[in-house]
Protein chains: 2
Amino acid sequence: MVGVRRFDEAEVADRAMERFWRHGWEATTMADLAAATGVQRGSLYNAYGGKAPILMMALDAYAARWRPGIQAALAKPEPSDAMAAFLEVHIERMADPANPPGCLATMVAMEAGEAEPSVAELIDAQFTRTEDLLESYLARAQSDGWLDPARNPQALALFFVGISRGMAVMHKAHGGSIQIVRKIASEALRAL
Amino acid sequence: MVGVRRFDEAEVADRAMERFWRHGWEATTMADLAAATGVQRGSLYNAYGGKAPILMMALDAYAARWRPGIQAALAKPEPSDAMAAFLEVHIERMADPANPPGCLATMVAMEAGEAEPSVAELIDAQFTRTEDLLESYLARAQSDGWLDPARNPQALALFFVGISRGMAVMHKAHGGSIQIVRKIASEALRAL
DNA sequence: CACGTTTTTGACAACAACGTCAAAAATAAA
DNA sequence: TTTATTTTTGACGTTGTTGTCAAAAACGTG
């Protein structure tokens with residue numbers, strides 16, 4: 001390696017994440033990303049090739065940021081505890097005033113259409129990954145006797161991922177109210 | 001009225017709705033709206049003033065389209081029937097292949113930020129309206145003895161509106177799968 | 001029918017964003 | 001220290017989008 005990259009890639013990912021999260025995909029231009037990251041537009045093109053690869057990098061960083069919390073949640077034996085902790089990860093993210101409202105992945109899921117198939121595929125894969133984590137946790141909890149054998153782990157996993165996305169939409173739509181989000185979560189836990 | 005408007009305003013609202021619904025707010029230009037509606041760009045500026053008023057008109061038409069179904073759902077005495085019918089309105093919308101995937105209001109809620117305060121306010125108001133409808137229905141059902149007096153009608157209303165938005169996100173993220181949406185709804189109804 | 005008002009139309013200039021490129025700068029390795 | 005390779009930088013032309021405007025067309029009213 002001869003001419004070495006001058007900027008910190010992880011920091012670029014974080015700043016780009018913040019920018020996309022707060023303003024969305026279409027409302028963010030390469031010039032905005034240059035301003036947000038402090039890296040010149042030409043360098044971003046040289047390093048990543050365009051806007052979509054930067055978003056995908058930001059989405060990966062975003063998913064990685066919550067992964068420890070989710071895995072800790074799924075270490076709890078009782079499903080009601082685990083699902084409460086799972087939702088709490090999202091609540092804490094929304095409660096932190098340093099974060100933009102809502103959820104980056106949810107926003108991109110709604111915004112990314114046929115125009116950016118690679119982004120849509122990544123979102124699909126990220127959602128599926130979380131659903132699979134929850135489903136296998138719930139299936140194990142079921143075989144360990146913590147969950148009624150009549151319940152459907154897959155449907156429950158979809159439900160909890162779904163309600164976490166719904167909470168993000170409500171958070172954003174209602175001006176960042178965290179009380180609303182907490183109320184939704186508490187009702188959702190009665191599904192168990 | 002002398003020089004009378006040459007196009008059907010309701011039809012413009014419908015075509016604009018379809019365009020915004022399928023492609024989103026930022027990804028739709030005035031030229032796109034002109035092409036979608038068959039009305040020239042200049043005429044749209046003359047009639048509405050810009051893109052945001054057209055979106056707001058489309059959002060009103062969108063809300064009006066599902067209002068009868070929701071009111072019919074809330075005519076059912078038993079809350080479990082009513083909430084099932086409420087969610088079914090959304091499911092049927094997503095199951096119709098003629099409709100774009102997801103939900104226009106949910107998409108705009110995620111996409112509209114500080115850049116378009118008037119749009120964000122309208123979305124907030126539309127969400128609140130539905131929540132209020134559900135809350136007063138549930139409060140009445142509760143006083144009529146159909147719902148456990150220990151339950152919180154407001155929190156339940158927020159939950160059901162929230163899960164309907166979550167269903168829309170999951171629908172869009174997973175390429176329009178309706179089975180996923182149905183599974184989520186069936187689990188959500190166990191919260192009652 | 002003629003008038004006055006409004007809409008429609010096509011065009012315009014200004015601005016924003018894109019993607020590329022050649023020259024300059026930086027640095028690891030020889 | 002020189003060389004080879006990569007990144008950085010600023011600028012360029014192209015394209016797309018915006019908002020406006022004046023002329024033309026349409027139409028209800030008198």
# chains A, B, ... in the order shown; residues from 1 in each chain; ligands from 1

$ residues_around --residues "DA25 of chain D" --least-positions-apart "5" --cutoff "9 Å" --atoms "only C-alpha atoms (C1' of nucleotides)" --output "list in words"
DT7, DT8 and DT9 of chain C

$ residues_around --residues "Leu189 of chain B" --least-positions-apart "4" --cutoff "9 Å" --atoms "only C-alpha atoms (C1' of nucleotides)" --output "ChimeraX atom specification"
/A:191 /B:80,83-84,160,184-185

$ residues_around --residues "Ala109 of chain B" --least-positions-apart "3" --cutoff "7 Å" --atoms "only C-alpha atoms (C1' of nucleotides)" --output "number ranges by chain"
A: 169, 172-173; B: 105-106, 112, 120, 123

$ interface_residues --of "chain D" --to "chain B" --cutoff "9 Å" --atoms "only C-alpha atoms (C1' of nucleotides)" --output "PyMOL selection string"
chain D and resi 17-19+26-29

$ write_last_selection --atoms "N, CA and C atoms (P, O5', C5', C4', C3', O3' and C1' of nucleotides)" --output "compact mmCIF listing (two decimals), in the first residue's frame"
# COMPACT_ATOMS: atom_id res chain seq x y z
P DT D 17 -34.85 15.33 -12.53
O5' DT D 17 -35.19 16.73 -11.86
C5' DT D 17 -34.43 17.17 -10.76
C4' DT D 17 -34.76 18.61 -10.44
C3' DT D 17 -36.25 18.96 -10.57
O3' DT D 17 -36.77 19.22 -9.28
C1' DT D 17 -34.82 20.65 -11.51
P DT D 18 -38.23 19.75 -9.03
O5' DT D 18 -38.02 21.31 -8.84
C5' DT D 18 -36.87 21.78 -8.14
C4' DT D 18 -36.74 23.27 -8.33
C3' DT D 18 -38.07 24.01 -8.27
O3' DT D 18 -38.11 24.81 -7.10
C1' DT D 18 -36.72 24.73 -10.13
P DG D 19 -39.54 25.21 -6.49
O5' DG D 19 -39.83 26.61 -7.19
C5' DG D 19 -38.88 27.65 -7.01
C4' DG D 19 -39.10 28.75 -8.04
C3' DG D 19 -40.54 29.26 -8.12
O3' DG D 19 -40.51 30.67 -7.98
C1' DG D 19 -39.71 28.76 -10.28
P DA D 26 -58.55 26.50 -27.14
O5' DA D 26 -59.34 26.81 -25.79
C5' DA D 26 -58.91 26.16 -24.60
C4' DA D 26 -59.76 26.63 -23.44
C3' DA D 26 -61.27 26.55 -23.72
O3' DA D 26 -61.89 25.89 -22.63
C1' DA D 26 -60.67 28.72 -22.95
P DC D 27 -63.30 25.25 -22.77
O5' DC D 27 -64.20 26.27 -21.94
C5' DC D 27 -63.82 26.58 -20.61
C4' DC D 27 -64.49 27.87 -20.16
C3' DC D 27 -65.99 27.95 -20.51
O3' DC D 27 -66.69 28.14 -19.31
C1' DC D 27 -64.88 29.98 -20.97
P DG D 28 -68.19 27.57 -19.18
O5' DG D 28 -68.84 28.70 -18.22
C5' DG D 28 -68.25 28.92 -16.96
C4' DG D 28 -68.48 30.36 -16.52
C3' DG D 28 -69.95 30.77 -16.47
O3' DG D 28 -70.17 31.57 -15.31
C1' DG D 28 -68.76 32.19 -17.99
P DT D 29 -71.58 32.09 -14.97
O5' DT D 29 -71.50 33.60 -15.51
C5' DT D 29 -70.39 34.40 -15.10
C4' DT D 29 -70.53 35.79 -15.69
C3' DT D 29 -71.96 36.37 -15.67
O3' DT D 29 -71.89 37.69 -15.17
C1' DT D 29 -71.07 36.49 -17.87

$ interface_residues --of "chain C" --to "chain A" --cutoff "10 Å" --atoms "only C-alpha atoms (C1' of nucleotides)" --output "list in words"
DA16, DA17, DC18, DG19, DT20, DA25, DA26, DT27, DA28 and DA29 of chain C

$ write_last_selection --atoms "N, CA and C atoms (P, O5', C5', C4', C3', O3' and C1' of nucleotides)" --output "compact mmCIF listing (two decimals), in the first residue's frame"
# COMPACT_ATOMS: atom_id res chain seq x y z
P DA C 16 -28.11 26.72 -5.56
O5' DA C 16 -28.27 25.15 -5.81
C5' DA C 16 -29.58 24.62 -6.01
C4' DA C 16 -29.47 23.14 -6.37
C3' DA C 16 -28.36 22.39 -5.65
O3' DA C 16 -28.86 21.13 -5.26
C1' DA C 16 -28.06 22.21 -7.99
P DA C 17 -28.05 20.20 -4.28
O5' DA C 17 -27.53 19.04 -5.23
C5' DA C 17 -28.48 18.26 -5.94
C4' DA C 17 -27.75 17.40 -6.95
C3' DA C 17 -26.51 16.69 -6.41
O3' DA C 17 -26.75 15.28 -6.46
C1' DA C 17 -26.07 17.73 -8.51
P DC C 18 -25.64 14.21 -6.13
O5' DC C 18 -25.13 13.88 -7.59
C5' DC C 18 -26.08 13.60 -8.62
C4' DC C 18 -25.35 13.38 -9.94
C3' DC C 18 -24.15 12.46 -9.79
O3' DC C 18 -24.37 11.28 -10.52
C1' DC C 18 -23.60 14.46 -11.01
P DG C 19 -23.60 9.94 -10.04
O5' DG C 19 -22.32 9.97 -10.99
C5' DG C 19 -22.53 10.00 -12.39
C4' DG C 19 -21.26 10.40 -13.10
C3' DG C 19 -20.01 9.60 -12.67
O3' DG C 19 -19.41 9.07 -13.83
C1' DG C 19 -19.58 11.93 -12.62
P DT C 20 -18.03 8.27 -13.77
O5' DT C 20 -16.98 9.33 -14.35
C5' DT C 20 -17.39 10.17 -15.41
C4' DT C 20 -16.27 11.11 -15.81
C3' DT C 20 -14.87 10.49 -15.70
O3' DT C 20 -14.15 10.78 -16.88
C1' DT C 20 -14.96 12.51 -14.46
P DA C 25 1.61 20.51 -4.77
O5' DA C 25 1.24 19.34 -3.75
C5' DA C 25 -0.08 19.27 -3.21
C4' DA C 25 -0.25 17.97 -2.45
C3' DA C 25 0.92 17.64 -1.52
O3' DA C 25 0.40 17.34 -0.24
C1' DA C 25 0.43 15.79 -2.91
P DA C 26 1.34 17.16 1.00
O5' DA C 26 1.32 15.58 1.20
C5' DA C 26 0.06 14.93 1.34
C4' DA C 26 0.26 13.42 1.26
C3' DA C 26 1.41 12.90 2.15
O3' DA C 26 0.89 11.92 3.01
C1' DA C 26 1.55 12.01 -0.05
P DT C 27 1.65 11.56 4.36
O5' DT C 27 2.28 10.14 3.98
C5' DT C 27 1.40 9.09 3.59
C4' DT C 27 2.17 8.02 2.86
C3' DT C 27 3.45 7.53 3.57
O3' DT C 27 3.41 6.14 3.64
C1' DT C 27 3.85 7.90 1.30
P DA C 28 3.84 5.42 5.00
O5' DA C 28 4.12 3.94 4.50
C5' DA C 28 3.12 3.27 3.72
C4' DA C 28 3.78 2.39 2.67
C3' DA C 28 4.94 1.53 3.18
O3' DA C 28 4.82 0.23 2.63
C1' DA C 28 5.70 2.91 1.42
P DA C 29 5.80 -0.91 3.01
O5' DA C 29 6.78 -0.94 1.75
C5' DA C 29 6.21 -1.13 0.44
C4' DA C 29 7.30 -1.01 -0.61
C3' DA C 29 8.55 -1.86 -0.35
O3' DA C 29 8.96 -2.45 -1.57
C1' DA C 29 9.17 0.40 -0.62

$ atom_distance --atom1 "atom CA of Ala52 of chain A" --atom2 "atom CA of Gly175 of chain B"
19.0 Å

$ residues_around --residues "segment 137-152 of chain B" --least-positions-apart "5" --cutoff "8 Å" --atoms "only C-alpha atoms (C1' of nucleotides)" --output "number ranges by chain"
B: 74, 77-79, 157

$ write_last_selection --atoms "N, CA and C atoms" --output "PDB file, in the first residue's frame"
ATOM      1  N   LEU B  74     -64.709  -0.183  13.352  1.00  0.00           N
ATOM      2  CA  LEU B  74     -64.966   0.310  14.703  1.00  0.00           C
ATOM      3  C   LEU B  74     -66.450   0.300  15.051  1.00  0.00           C
ATOM      4  N   PRO B  77     -68.844  -4.481  18.032  1.00  0.00           N
ATOM      5  CA  PRO B  77     -68.847  -4.333  19.490  1.00  0.00           C
ATOM      6  C   PRO B  77     -67.618  -4.935  20.168  1.00  0.00           C
ATOM      7  N   GLU B  78     -67.183  -6.084  19.717  1.00  0.00           N
ATOM      8  CA  GLU B  78     -66.058  -6.731  20.403  1.00  0.00           C
ATOM      9  C   GLU B  78     -64.722  -6.163  19.930  1.00  0.00           C
ATOM     10  N   PRO B  79     -63.907  -5.692  20.844  1.00  0.00           N
ATOM     11  CA  PRO B  79     -62.619  -5.105  20.461  1.00  0.00           C
ATOM     12  C   PRO B  79     -61.754  -6.045  19.631  1.00  0.00           C
ATOM     13  N   ALA B 157     -54.586   1.897  21.664  1.00  0.00           N
ATOM     14  CA  ALA B 157     -54.789   2.571  20.383  1.00  0.00           C
ATOM     15  C   ALA B 157     -53.441   2.852  19.715  1.00  0.00           C
TER      16      ALA B 157
END

$ interface_residues --of "chain A" --to "chain B" --cutoff "6 Å" --atoms "only C-alpha atoms" --output "PyMOL selection string"
chain A and resi 26+107+109-110+124+155+158-159+162-163+165-166+173-174+183-184+190-191

$ residues_around --residues "segment 63-68 of chain A" --least-positions-apart "2" --cutoff "12 Å" --atoms "only C-alpha atoms (C1' of nucleotides)" --output "number ranges by chain"
A: 10, 13-14, 17, 56-61, 70-75, 85-93, 103-106, 122-123, 125-127, 129-130, 133

$ select_by_dssp --residues "segment 67-148 of chain B" --states "helix (DSSP H, G or I)" --output "PyMOL selection string"
chain B and resi 67-73+79-95+104-111+117-143

$ residues_around --residues "DA11 of chain C" --least-positions-apart "2" --cutoff "10 Å" --atoms "only C-alpha atoms (C1' of nucleotides)" --output "ChimeraX atom specification"
/C:9,13 /D:21-22

$ atom_distance --atom1 "atom CA of Val12 of chain B" --atom2 "atom C1' of DG16 of chain D"
23.6 Å
